[in-house]
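Here the structure is laid out as structure tokens; the discussion comes afterwards.
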Amino acid sequence: MSHLLRTSRVFAWFLLTGLSVAIIIASAFYLYLRPSLPPVHQLLDVKLQTPLRVYSADNRLIAEFGEKRRAPITIEQIPTIQLQAFLAAEDARFHDHFGVDIKGLTRAAIELVSTGSIQSGGSTITMQVAKNYFLSRDRTFIRKFNEILLALQIERELDKDKILELYLNKIYLGNRAYGIAAAAQVYYDKPVDELTLAQMAMLAGLPKAPSAYNPLANPERALIRRNWILGRMRDLGYITQEDWSEATKAPLTATYNMREAEVDADYVAEMARTEMVRRFGEAAYNDGYSVTLTVDGTKQQAATEALRTGLENYDRRHGFRGPIGQFDVAGMSTAELSNQLLNYPRVEGLIPAVITSVNDDEGAARVHTRHLGPGKMDFETMTWAKRYRTENLTGPTPEKPSDVVNVGDVVYVKVTQLPQIQEQPPETDGNEPRLELQVALSQAPRVEGAVISLSAKTGAIEALAGGYSFSQSKYNRATQANRQPGSTFKPFLYLSALENGRTPATIYNDAPIVFEDSELEGAWRPQNSSGQFYGPTTLREGLYRSRNLVSIRLLRDLGIRQTLNYLDQLKIPTANMPANLSLSLGAGQLTPMELARGFAVIANGGYDVEPYLIKTIQEPDGTVVYEAPETVLCDSDCEQQLTDNASEGPLTESNSDTPETDGILLPASAQQSAEKRVMKRLADERSVYIMHTILQDVVRRGTGRRALALNRKDLAGKTGTTNEQKDTWFAGFNHDVATTVWVGFDQPAPLGRREFGASTALPIWVDYMKTAMQGAPESTMARPNGIVNIRINPRTGERARPGEDGTFEIFKEEDAPAPLSQDTNGNGSGANDSDSLPGQIF
């Protein structure tokens, strides 16, 4: 007994000594590591890496930026059975331990000693929270000890539900899905509370090895893992035997589901992304901001499609440029054909296809398309494909498929009919006939364009398209392309004239003129687009018929410097404007956005406009960190309004010097504290009203007559075409909306002799406005006081005399023609003849 007692005492001393040493070492580690451990309360303030999401004004997803898909949710939003699935898979004793599972750690240690690897794992959910939020993934003893210490702290300061919520929002579950909500969307396209038991168990199996147990990459292993978890749930009493039996028999239903953009607005999305990065840096991609834009989803989609259709129509008018490539298809399998076509990119709705056979007798060609496989291209879809030679010349009209394509040609096509099963007539037998893929010949346009639509009274961007394809060119022509506005500039010149004593009835001579000017590089002999001259012309007719010689004489009469000063007053950039008479024909340079803004000033009655794109910015919890200021249109006492409304919230005065660059990326968004913007009047309302009536004549009687197809009486606008047809425009509006369209080549080049703003830009404008104005009531500017109607002689611009042919014109009261003399008999001339007419004519 004494020997046994002595042995027991020695063993006890060794045990106590070992425990003491272990405690001393643990304490030393604790004292050493404790100061560097982060405070647990930081968990409550952690911003999970959530992508930036951009939405339209009607809450449709435009784009998502960021590497991690995550949609944080609360513990209350997660079904209990889903929580139990994760507990069964990861930490069945979660509610019983204090952050560290001694049994689990002991088992893991024994496995490590005996096998050299850990089979079952020893980390609790709390330890995983500590690791995922605070620690690196280094496999070191120091990191593990930190993990244990943090887990103990977390358990002391947070309740179990909060720990579980943090865990389920942070874990990586494969396919860029972080957190349970994102995974439910990615794998099943459902919210968490709509998953089946089998689907819940599948997700619960992913944290252990997101790649190895991924149902998309390794369905067999994923199925084994899912069924093991279901068995654990049954053994733990979470589900019944019947539930287990039914769920284990369920097939795998996981598919890859990425939320697609609901609006085709890549250029708009990039503008928003750029502004968010400017504001928040790289945090914009990870802090879960939701950005709501001013664009309307339906209008934006219409703008994108109208621009693409218009550019494609122009391209087809100028012929087929031939295949984009060619290769030998002889002996190739369908898989080899598909693989070869991967060398040719898809461009928006255009799909690359290779011609595999051409049959002139059948009137069709057989094709193999990228991803969609074999199909048929009928000759009817190729009749447009005259061979392109120059912008003004095409080859003969093709008469058969072989006139257009050859075997081995790679061309772009559009799908006109997808393969499908045709319904079998009831009286027939046999296999159901299959309708084959049908495609139409197409080509990617080289010409480019832009569409900008603004709310005239607020400056909100309702739609914007900066080119045919963002994937092919990130260059945003709407905000970055400085182009000559051509005749779309003329309304600003004529508005200046109306503000300086001229009237719609003022006469200028539409006759040849030659200028010798060193700044114009020699003799300049301007002409009208028709090549003809029409003699004395009123300003109204001169504008709505876009007579160049009238505009030149008008600018010479007004003065170039005075006109440039007036443009400055309208806040139209003049840095790229020439200080010579070519200014009258739009020889300066403006971006489409700058021109659209100028027309918005006219559309809204003469008030300042600052285009802006972002409506609100919200944090993940719904907190609004930015909201676009309300717009206040101001006629007078604007400074007093700033003072009077100071108590209601800070106001900001309209200021064109916004901090955005590269055109107008996000005007008016930088005034963080502003609740209102006071927009001053820039032009006399009577002059603007008269300009409305003249530009309405452009639509009713002038170069904009195509807009009559919209069957509205409130539309006005101006076409524009520059020398050699290098830039073509249409800028149109009613009292509420101003929309501008530009068409041209990125490297300025002629569009063709028969191409004008009315044939290229105006059809796009009409196509867009058909949707944008649908259901909207007509909106015209109210007639202001101080306007009079007088019947005039259109040949002289004076009051019509009794018996003379005349037409009614509107004038500002002080600028109305002088009354007729009492002693005239109809053959005399008015009082203004000797003063004004000779100067205007010569």
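Chain labels run A, B, ... following the order of the structure tokens; each chain numbers its residues from 1, and ligands are numbered from 1 in the order shown.
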
Residue contacts of Ala450 of chain A (10 Å, only C-alpha atoms) excluding same-chain residues fewer than 3 positions away, as a short mmCIF file (atom, residue, chain, number, x, y, z; two decimals) with all heavy atoms, in the first residue's frame:
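New file result_25.cif:
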```
data_model
loop_
_atom_site.label_atom_id
_atom_site.label_comp_id
_atom_site.auth_asym_id
_atom_site.auth_seq_id
_atom_site.Cartn_x
_atom_site.Cartn_y
_atom_site.Cartn_z
N ALA A 303 -34.31 54.50 -74.57
CA ALA A 303 -33.20 55.27 -75.12
C ALA A 303 -32.11 54.35 -75.66
O ALA A 303 -31.57 54.57 -76.75
CB ALA A 303 -32.63 56.20 -74.05
N THR A 304 -31.77 53.33 -74.89
CA THR A 304 -30.73 52.37 -75.32
C THR A 304 -31.14 51.69 -76.62
O THR A 304 -30.34 51.61 -77.57
CB THR A 304 -30.49 51.33 -74.22
OG1 THR A 304 -30.08 51.99 -73.02
CG2 THR A 304 -29.42 50.34 -74.64
N LEU A 307 -31.35 54.15 -79.74
CA LEU A 307 -30.03 54.50 -80.27
C LEU A 307 -29.45 53.35 -81.08
O LEU A 307 -28.96 53.55 -82.20
CB LEU A 307 -29.09 54.88 -79.13
CG LEU A 307 -27.68 55.30 -79.56
CD1 LEU A 307 -27.73 56.53 -80.46
CD2 LEU A 307 -26.79 55.56 -78.35
N ARG A 308 -29.51 52.15 -80.54
CA ARG A 308 -28.95 51.00 -81.27
C ARG A 308 -29.69 50.79 -82.59
O ARG A 308 -29.05 50.56 -83.64
CB ARG A 308 -29.03 49.75 -80.40
CG ARG A 308 -28.02 49.76 -79.27
CD ARG A 308 -28.14 48.52 -78.41
NE ARG A 308 -27.24 48.60 -77.26
CZ ARG A 308 -27.38 47.90 -76.15
NH1 ARG A 308 -28.40 47.06 -76.02
NH2 ARG A 308 -26.52 48.05 -75.16
N LEU A 464 -30.11 58.19 -70.55
CA LEU A 464 -28.83 58.54 -71.18
C LEU A 464 -28.22 57.29 -71.79
O LEU A 464 -28.11 56.25 -71.14
CB LEU A 464 -27.88 59.15 -70.17
CG LEU A 464 -26.53 59.65 -70.70
CD1 LEU A 464 -26.06 60.86 -69.91
CD2 LEU A 464 -25.46 58.55 -70.63
N ALA A 465 -27.85 57.40 -73.06
CA ALA A 465 -27.10 56.33 -73.73
C ALA A 465 -25.89 56.97 -74.38
O ALA A 465 -26.03 57.92 -75.16
CB ALA A 465 -27.97 55.63 -74.77
N GLY A 466 -24.70 56.46 -74.07
CA GLY A 466 -23.47 57.09 -74.52
C GLY A 466 -22.80 56.41 -75.69
O GLY A 466 -21.67 56.77 -76.05
N GLY A 467 -23.46 55.45 -76.32
CA GLY A 467 -22.87 54.77 -77.46
C GLY A 467 -23.60 53.49 -77.77
O GLY A 467 -24.53 53.08 -77.06
N TYR A 468 -23.17 52.81 -78.84
CA TYR A 468 -23.84 51.58 -79.26
C TYR A 468 -23.62 50.45 -78.27
O TYR A 468 -24.54 49.73 -77.93
CB TYR A 468 -23.34 51.17 -80.65
CG TYR A 468 -24.01 49.91 -81.18
CD1 TYR A 468 -25.26 49.99 -81.77
CD2 TYR A 468 -23.40 48.67 -81.08
CE1 TYR A 468 -25.89 48.84 -82.24
CE2 TYR A 468 -24.02 47.53 -81.56
CZ TYR A 468 -25.26 47.61 -82.13
OH TYR A 468 -25.88 46.47 -82.58
N ASN A 476 -17.93 57.58 -73.15
CA ASN A 476 -19.30 58.07 -73.01
C ASN A 476 -19.47 59.34 -73.85
O ASN A 476 -19.12 60.43 -73.43
CB ASN A 476 -19.62 58.36 -71.53
CG ASN A 476 -21.08 58.67 -71.31
OD1 ASN A 476 -21.81 59.03 -72.23
ND2 ASN A 476 -21.53 58.53 -70.08
N ARG A 477 -20.02 59.16 -75.03
CA ARG A 477 -20.15 60.28 -75.94
C ARG A 477 -21.14 61.33 -75.43
O ARG A 477 -21.05 62.50 -75.82
CB ARG A 477 -20.57 59.76 -77.31
CG ARG A 477 -19.48 58.88 -77.93
CD ARG A 477 -20.02 57.79 -78.83
NE ARG A 477 -18.96 56.85 -79.17
CZ ARG A 477 -18.66 55.78 -78.44
NH1 ARG A 477 -19.37 55.51 -77.35
NH2 ARG A 477 -17.68 54.99 -78.77
N ALA A 478 -22.05 60.94 -74.59
CA ALA A 478 -23.03 61.90 -74.07
C ALA A 478 -22.37 62.98 -73.24
O ALA A 478 -22.81 64.13 -73.24
CB ALA A 478 -24.08 61.16 -73.25
N THR A 479 -21.33 62.63 -72.51
CA THR A 479 -20.70 63.59 -71.61
C THR A 479 -19.28 63.97 -72.01
O THR A 479 -18.74 64.96 -71.51
CB THR A 479 -20.66 63.04 -70.17
OG1 THR A 479 -19.85 61.86 -70.15
CG2 THR A 479 -22.05 62.72 -69.66
N ALA A 481 -17.84 63.67 -75.51
CA ALA A 481 -17.56 63.97 -76.91
C ALA A 481 -17.81 65.45 -77.21
O ALA A 481 -18.95 65.90 -77.19
CB ALA A 481 -18.41 63.09 -77.83
N THR A 591 -20.43 69.31 -75.83
CA THR A 591 -20.80 67.91 -75.65
C THR A 591 -22.31 67.79 -75.81
O THR A 591 -23.05 68.76 -75.62
CB THR A 591 -20.41 67.40 -74.25
OG1 THR A 591 -21.21 68.07 -73.27
CG2 THR A 591 -18.93 67.63 -73.96
N PRO A 592 -22.80 66.62 -76.16
CA PRO A 592 -24.26 66.45 -76.22
C PRO A 592 -24.96 66.84 -74.93
O PRO A 592 -26.06 67.39 -74.96
CB PRO A 592 -24.41 64.95 -76.53
CG PRO A 592 -23.19 64.62 -77.32
CD PRO A 592 -22.09 65.43 -76.70
N MET A 593 -24.33 66.58 -73.77
CA MET A 593 -24.94 66.96 -72.51
C MET A 593 -25.04 68.48 -72.38
O MET A 593 -26.06 69.01 -71.91
CB MET A 593 -24.14 66.39 -71.34
CG MET A 593 -24.69 66.76 -69.97
SD MET A 593 -26.32 66.06 -69.65
CE MET A 593 -25.85 64.42 -69.09
N TRP A 729 -27.64 66.10 -85.64
CA TRP A 729 -28.29 66.29 -84.35
C TRP A 729 -29.80 66.45 -84.51
O TRP A 729 -30.29 66.86 -85.55
CB TRP A 729 -27.80 67.59 -83.69
CG TRP A 729 -26.34 67.71 -83.44
CD1 TRP A 729 -25.37 68.05 -84.34
CD2 TRP A 729 -25.66 67.54 -82.19
NE1 TRP A 729 -24.14 68.10 -83.73
CE2 TRP A 729 -24.29 67.80 -82.41
CE3 TRP A 729 -26.09 67.23 -80.89
CZ2 TRP A 729 -23.34 67.74 -81.40
CZ3 TRP A 729 -25.16 67.16 -79.88
CH2 TRP A 729 -23.80 67.41 -80.12
N THR A 740 -31.91 65.32 -76.45
CA THR A 740 -30.96 65.62 -77.53
C THR A 740 -30.34 64.32 -78.04
O THR A 740 -29.98 63.44 -77.23
CB THR A 740 -29.86 66.57 -77.03
OG1 THR A 740 -30.45 67.83 -76.72
CG2 THR A 740 -28.79 66.78 -78.09
N VAL A 741 -30.22 64.22 -79.35
CA VAL A 741 -29.60 63.05 -79.99
C VAL A 741 -28.48 63.53 -80.90
O VAL A 741 -28.65 64.48 -81.67
CB VAL A 741 -30.64 62.25 -80.80
CG1 VAL A 741 -29.95 61.07 -81.52
CG2 VAL A 741 -31.76 61.74 -79.90
N TRP A 742 -27.33 62.85 -80.82
CA TRP A 742 -26.19 63.12 -81.72
C TRP A 742 -25.81 61.83 -82.41
O TRP A 742 -25.83 60.74 -81.81
CB TRP A 742 -24.99 63.64 -80.94
CG TRP A 742 -23.72 63.60 -81.74
CD1 TRP A 742 -23.31 64.48 -82.69
CD2 TRP A 742 -22.71 62.58 -81.70
NE1 TRP A 742 -22.12 64.10 -83.23
CE2 TRP A 742 -21.73 62.93 -82.65
CE3 TRP A 742 -22.55 61.41 -80.96
CZ2 TRP A 742 -20.58 62.14 -82.87
CZ3 TRP A 742 -21.43 60.61 -81.18
CH2 TRP A 742 -20.45 61.00 -82.13
N VAL A 743 -25.44 61.93 -83.69
CA VAL A 743 -24.94 60.78 -84.46
C VAL A 743 -23.71 61.22 -85.25
O VAL A 743 -23.71 62.30 -85.86
CB VAL A 743 -26.02 60.25 -85.43
CG1 VAL A 743 -25.44 59.14 -86.32
CG2 VAL A 743 -27.22 59.71 -84.66
N GLY A 744 -22.68 60.40 -85.21
CA GLY A 744 -21.45 60.70 -85.97
C GLY A 744 -20.42 59.62 -85.71
O GLY A 744 -20.64 58.68 -84.94
N ALA A 761 -30.48 61.51 -86.70
CA ALA A 761 -30.75 61.74 -85.28
C ALA A 761 -32.24 61.81 -84.97
O ALA A 761 -32.70 61.28 -83.95
CB ALA A 761 -30.06 63.03 -84.83
N ILE A 764 -34.17 58.55 -84.24
CA ILE A 764 -33.84 58.03 -82.91
C ILE A 764 -34.63 58.78 -81.85
O ILE A 764 -35.19 58.19 -80.92
CB ILE A 764 -32.32 58.13 -82.66
CG1 ILE A 764 -31.55 57.26 -83.65
CG2 ILE A 764 -31.98 57.75 -81.22
CD1 ILE A 764 -30.04 57.48 -83.61
#
```

Wanna dump the segment 763-809 of chain A-segment 673-685 of chain A contacts at 10 Å for me, each residue with its shortest atom pair and the distance in Å to one decimal, counting only C-alpha atoms, ordered by chain and number, as CSV?
```
residue,atom,partner,partner_atom,distance
A:Met781,CA,A:Glu685,CA,9.5
A:Ala782,CA,A:Glu685,CA,9.8
A:Arg783,CA,A:Glu685,CA,9.0
A:Pro784,CA,A:Glu685,CA,7.0
A:Asn785,CA,A:Glu685,CA,9.4
```

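Among the candidate residues A:Arg69, A:Arg705, A:Lys160, A:Arg279, the one lying nearest to Gly174 of chain A is A:Arg69, with distances computed using only C-alpha atoms.
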
- prompt: What gap, in Å, lies between atom CA of Ala261 of chain A and atom CA of Pro629 of chain A?
  reply: 27.5 Å

message: Env of Gly486 of chain A: 10 Å cut, atoms = only C-alpha atoms, seq-sep filter 5 positions within chain, self excluded. Answer as a list in words.
response: Ser582, Leu583, Ser584, Leu585, Gly586, Ala587, Gly588, Gln589, Thr719, Gly720, Thr721, Thr722, Asn723, Gln725, Lys726, Asp727, Thr728, Trp729 and Gly757 of chain A

task: Find the residues around segment 335-345 of chain A up to 10 Å (only C-alpha atoms counted), leave out those fewer than 4 positions away in its own chain, and share them as a VMD selection string.
output: chain A and resid 324 to 325 327 to 329 331 350 to 354 356 368 to 374 410 to 412 471 to 472

- prompt: Using only C-alpha atoms, which residue out of A:Val550, A:Ala89, A:Val100, A:Met691 lies closest to Val601 of chain A?
  reply: A:Met691

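Contact shell of segment 492-509 of chain A at 6 Å (only C-alpha atoms; same-chain neighbours under 2 positions omitted): A:Phe489, A:Lys490, A:Ala511, A:Gly535, A:Pro536, A:Thr537, A:Thr538, A:Leu539, A:Arg540, A:Val550, A:Ser687, A:Gly797, A:Gln840, A:Ile841.
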
What does the file look like for those residues with C-alpha atoms, as a PDB file, in the first residue's frame?
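again36.pdb was written with the following content:
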```
ATOM      1  CA  PHE A 489     -26.778  76.030 -82.058  1.00  0.00           C
ATOM      2  CA  LYS A 490     -28.917  78.569 -83.940  1.00  0.00           C
ATOM      3  CA  ALA A 511     -28.421  85.920-100.476  1.00  0.00           C
ATOM      4  CA  GLY A 535     -34.006  86.493-100.670  1.00  0.00           C
ATOM      5  CA  PRO A 536     -35.496  88.591 -97.828  1.00  0.00           C
ATOM      6  CA  THR A 537     -36.560  86.231 -95.032  1.00  0.00           C
ATOM      7  CA  THR A 538     -38.088  86.725 -91.590  1.00  0.00           C
ATOM      8  CA  LEU A 539     -36.170  85.455 -88.598  1.00  0.00           C
ATOM      9  CA  ARG A 540     -38.946  82.952 -87.903  1.00  0.00           C
ATOM     10  CA  VAL A 550     -29.813  84.598 -92.451  1.00  0.00           C
ATOM     11  CA  SER A 687     -38.295  85.898 -75.630  1.00  0.00           C
ATOM     12  CA  GLY A 797     -42.013  92.250 -91.616  1.00  0.00           C
ATOM     13  CA  GLN A 840     -30.801  93.907 -92.819  1.00  0.00           C
ATOM     14  CA  ILE A 841     -30.720  93.182 -96.532  1.00  0.00           C
TER      15      ILE A 841
END
```

Nearest to Ile787 of chain A by atom-to-atom distance, counting only C-alpha atoms, from A:Glu809, A:Gly297, A:Gln480, A:Gly606: A:Glu809

query: Would you give me, as a ChimeraX atom specification, the residues in segment 559-751 of chain A that DSSP reads as strand (DSSP E or B)?
result: /A:590,607,612,614-618,624-627,630-634,651-653,676-681,716-721,727-733,737-744

message: Applying 7 Å and only C-alpha atoms, which residues near Pro51 of chain A remain after dropping the ones on its own chain fewer than 4 positions away? List them as a PyMOL selection string.
response: chain A and resi 64-66+68-70+285-288

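The shell of residues at most 9 Å from segment 219-235 of chain A, with only C-alpha atoms counted and near chain neighbours (fewer than 4 positions) removed, consists of A:Gln84, A:Ala85, A:Phe86, A:Leu87, A:Ala88, A:Ala89, A:Leu197, A:Ala198, A:Gln199, A:Met200, A:Ala201, A:Met202, A:Leu203, A:Ala204, A:Gly205, A:Leu206, A:Ala212, A:Tyr213, A:Asn214, A:Pro215, A:Ile239, A:Thr240, A:Gln241, A:Asp243, A:Trp244, A:Ala247, A:Thr248, A:Pro251, A:Leu252.
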
Take the residues from that selection and put them in a file with N, CA, C and O atoms, as an mmCIF file, in the first residue's frame.
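Dumped to out_17.cif:
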```
data_model
loop_
_atom_site.group_PDB
_atom_site.id
_atom_site.type_symbol
_atom_site.label_atom_id
_atom_site.label_comp_id
_atom_site.auth_asym_id
_atom_site.auth_seq_id
_atom_site.Cartn_x
_atom_site.Cartn_y
_atom_site.Cartn_z
ATOM 1 N N GLN A 84 -30.986 25.378 -37.448
ATOM 2 C CA GLN A 84 -30.678 24.048 -36.924
ATOM 3 C C GLN A 84 -29.831 23.242 -37.902
ATOM 4 O O GLN A 84 -28.979 22.446 -37.483
ATOM 5 N N ALA A 85 -30.025 23.459 -39.201
ATOM 6 C CA ALA A 85 -29.204 22.764 -40.196
ATOM 7 C C ALA A 85 -27.742 23.156 -40.039
ATOM 8 O O ALA A 85 -26.839 22.304 -40.095
ATOM 9 N N PHE A 86 -27.462 24.449 -39.846
ATOM 10 C CA PHE A 86 -26.089 24.890 -39.654
ATOM 11 C C PHE A 86 -25.522 24.406 -38.322
ATOM 12 O O PHE A 86 -24.342 24.037 -38.235
ATOM 13 N N LEU A 87 -26.339 24.390 -37.285
ATOM 14 C CA LEU A 87 -25.857 23.878 -35.995
ATOM 15 C C LEU A 87 -25.505 22.402 -36.114
ATOM 16 O O LEU A 87 -24.483 21.951 -35.577
ATOM 17 N N ALA A 88 -26.343 21.633 -36.801
ATOM 18 C CA ALA A 88 -26.076 20.206 -36.971
ATOM 19 C C ALA A 88 -24.782 19.981 -37.738
ATOM 20 O O ALA A 88 -24.019 19.053 -37.440
ATOM 21 N N ALA A 89 -24.504 20.834 -38.705
ATOM 22 C CA ALA A 89 -23.320 20.655 -39.537
ATOM 23 C C ALA A 89 -22.060 21.165 -38.873
ATOM 24 O O ALA A 89 -20.975 20.583 -39.034
ATOM 25 N N LEU A 197 -36.366 21.925 -47.090
ATOM 26 C CA LEU A 197 -35.461 21.334 -46.115
ATOM 27 C C LEU A 197 -34.195 20.805 -46.789
ATOM 28 O O LEU A 197 -33.073 21.000 -46.282
ATOM 29 N N ALA A 198 -34.351 20.135 -47.927
ATOM 30 C CA ALA A 198 -33.175 19.606 -48.638
ATOM 31 C C ALA A 198 -32.246 20.734 -49.076
ATOM 32 O O ALA A 198 -31.015 20.610 -48.995
ATOM 33 N N GLN A 199 -32.802 21.853 -49.534
ATOM 34 C CA GLN A 199 -31.980 22.986 -49.956
ATOM 35 C C GLN A 199 -31.282 23.641 -48.773
ATOM 36 O O GLN A 199 -30.126 24.053 -48.873
ATOM 37 N N MET A 200 -31.967 23.730 -47.640
ATOM 38 C CA MET A 200 -31.340 24.267 -46.438
ATOM 39 C C MET A 200 -30.148 23.429 -46.014
ATOM 40 O O MET A 200 -29.089 23.950 -45.648
ATOM 41 N N ALA A 201 -30.317 22.107 -46.040
ATOM 42 C CA ALA A 201 -29.228 21.218 -45.655
ATOM 43 C C ALA A 201 -28.063 21.334 -46.632
ATOM 44 O O ALA A 201 -26.893 21.263 -46.232
ATOM 45 N N MET A 202 -28.371 21.537 -47.910
ATOM 46 C CA MET A 202 -27.309 21.692 -48.898
ATOM 47 C C MET A 202 -26.463 22.923 -48.585
ATOM 48 O O MET A 202 -25.231 22.867 -48.608
ATOM 49 N N LEU A 203 -27.106 24.030 -48.268
ATOM 50 C CA LEU A 203 -26.367 25.244 -47.944
ATOM 51 C C LEU A 203 -25.565 25.072 -46.657
ATOM 52 O O LEU A 203 -24.448 25.584 -46.547
ATOM 53 N N ALA A 204 -26.134 24.371 -45.708
ATOM 54 C CA ALA A 204 -25.445 24.157 -44.435
ATOM 55 C C ALA A 204 -24.188 23.320 -44.599
ATOM 56 O O ALA A 204 -23.277 23.368 -43.763
ATOM 57 N N GLY A 205 -24.112 22.560 -45.680
ATOM 58 C CA GLY A 205 -22.927 21.741 -45.916
ATOM 59 C C GLY A 205 -21.784 22.473 -46.571
ATOM 60 O O GLY A 205 -20.671 21.935 -46.672
ATOM 61 N N LEU A 206 -21.992 23.706 -46.986
ATOM 62 C CA LEU A 206 -20.967 24.422 -47.748
ATOM 63 C C LEU A 206 -19.842 25.035 -46.924
ATOM 64 O O LEU A 206 -18.713 25.107 -47.409
ATOM 65 N N ALA A 212 -15.345 21.825 -52.495
ATOM 66 C CA ALA A 212 -15.489 20.366 -52.516
ATOM 67 C C ALA A 212 -16.943 19.930 -52.449
ATOM 68 O O ALA A 212 -17.339 18.936 -53.061
ATOM 69 N N TYR A 213 -17.780 20.663 -51.673
ATOM 70 C CA TYR A 213 -19.183 20.275 -51.496
ATOM 71 C C TYR A 213 -20.139 21.152 -52.286
ATOM 72 O O TYR A 213 -21.329 21.220 -51.984
ATOM 73 N N ASN A 214 -19.611 21.841 -53.294
ATOM 74 C CA ASN A 214 -20.436 22.732 -54.095
ATOM 75 C C ASN A 214 -21.367 21.919 -55.001
ATOM 76 O O ASN A 214 -20.900 21.086 -55.781
ATOM 77 N N PRO A 215 -22.676 22.152 -54.935
ATOM 78 C CA PRO A 215 -23.601 21.342 -55.741
ATOM 79 C C PRO A 215 -23.473 21.593 -57.243
ATOM 80 O O PRO A 215 -23.951 20.784 -58.044
ATOM 81 N N ILE A 239 -35.577 17.242 -36.923
ATOM 82 C CA ILE A 239 -36.577 16.832 -37.915
ATOM 83 C C ILE A 239 -37.028 15.414 -37.600
ATOM 84 O O ILE A 239 -36.358 14.670 -36.873
ATOM 85 N N THR A 240 -38.157 15.040 -38.140
ATOM 86 C CA THR A 240 -38.702 13.693 -37.915
ATOM 87 C C THR A 240 -38.113 12.717 -38.928
ATOM 88 O O THR A 240 -37.474 13.114 -39.909
ATOM 89 N N GLN A 241 -38.397 11.440 -38.692
ATOM 90 C CA GLN A 241 -37.960 10.407 -39.624
ATOM 91 C C GLN A 241 -38.582 10.616 -40.995
ATOM 92 O O GLN A 241 -37.934 10.417 -42.013
ATOM 93 N N ASP A 243 -39.565 13.487 -42.286
ATOM 94 C CA ASP A 243 -38.891 14.625 -42.922
ATOM 95 C C ASP A 243 -37.567 14.192 -43.525
ATOM 96 O O ASP A 243 -37.211 14.575 -44.649
ATOM 97 N N TRP A 244 -36.819 13.400 -42.760
ATOM 98 C CA TRP A 244 -35.510 12.930 -43.230
ATOM 99 C C TRP A 244 -35.664 12.084 -44.482
ATOM 100 O O TRP A 244 -34.940 12.265 -45.467
ATOM 101 N N ALA A 247 -36.613 14.325 -47.516
ATOM 102 C CA ALA A 247 -35.561 15.252 -47.937
ATOM 103 C C ALA A 247 -34.384 14.531 -48.573
ATOM 104 O O ALA A 247 -33.775 15.044 -49.519
ATOM 105 N N THR A 248 -34.033 13.349 -48.071
ATOM 106 C CA THR A 248 -32.889 12.627 -48.642
ATOM 107 C C THR A 248 -33.197 12.087 -50.044
ATOM 108 O O THR A 248 -32.281 11.813 -50.812
ATOM 109 N N PRO A 251 -34.119 15.481 -55.303
ATOM 110 C CA PRO A 251 -32.994 15.656 -56.237
ATOM 111 C C PRO A 251 -32.265 16.971 -55.965
ATOM 112 O O PRO A 251 -32.788 17.867 -55.311
ATOM 113 N N LEU A 252 -31.050 17.059 -56.510
ATOM 114 C CA LEU A 252 -30.332 18.325 -56.435
ATOM 115 C C LEU A 252 -31.003 19.329 -57.382
ATOM 116 O O LEU A 252 -31.215 19.030 -58.552
#
```

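Across A:Arg799, A:Arg597, A:Lys812, A:Arg686, the tightest approach to Phe733 of chain A is made by A:Arg597 when counting only C-alpha atoms.
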
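Shortest atom-to-atom contact with Gln49 of chain A among A:Thr126, A:Gln443, A:Asn169, A:Ser636: A:Asn169, counting only C-alpha atoms.
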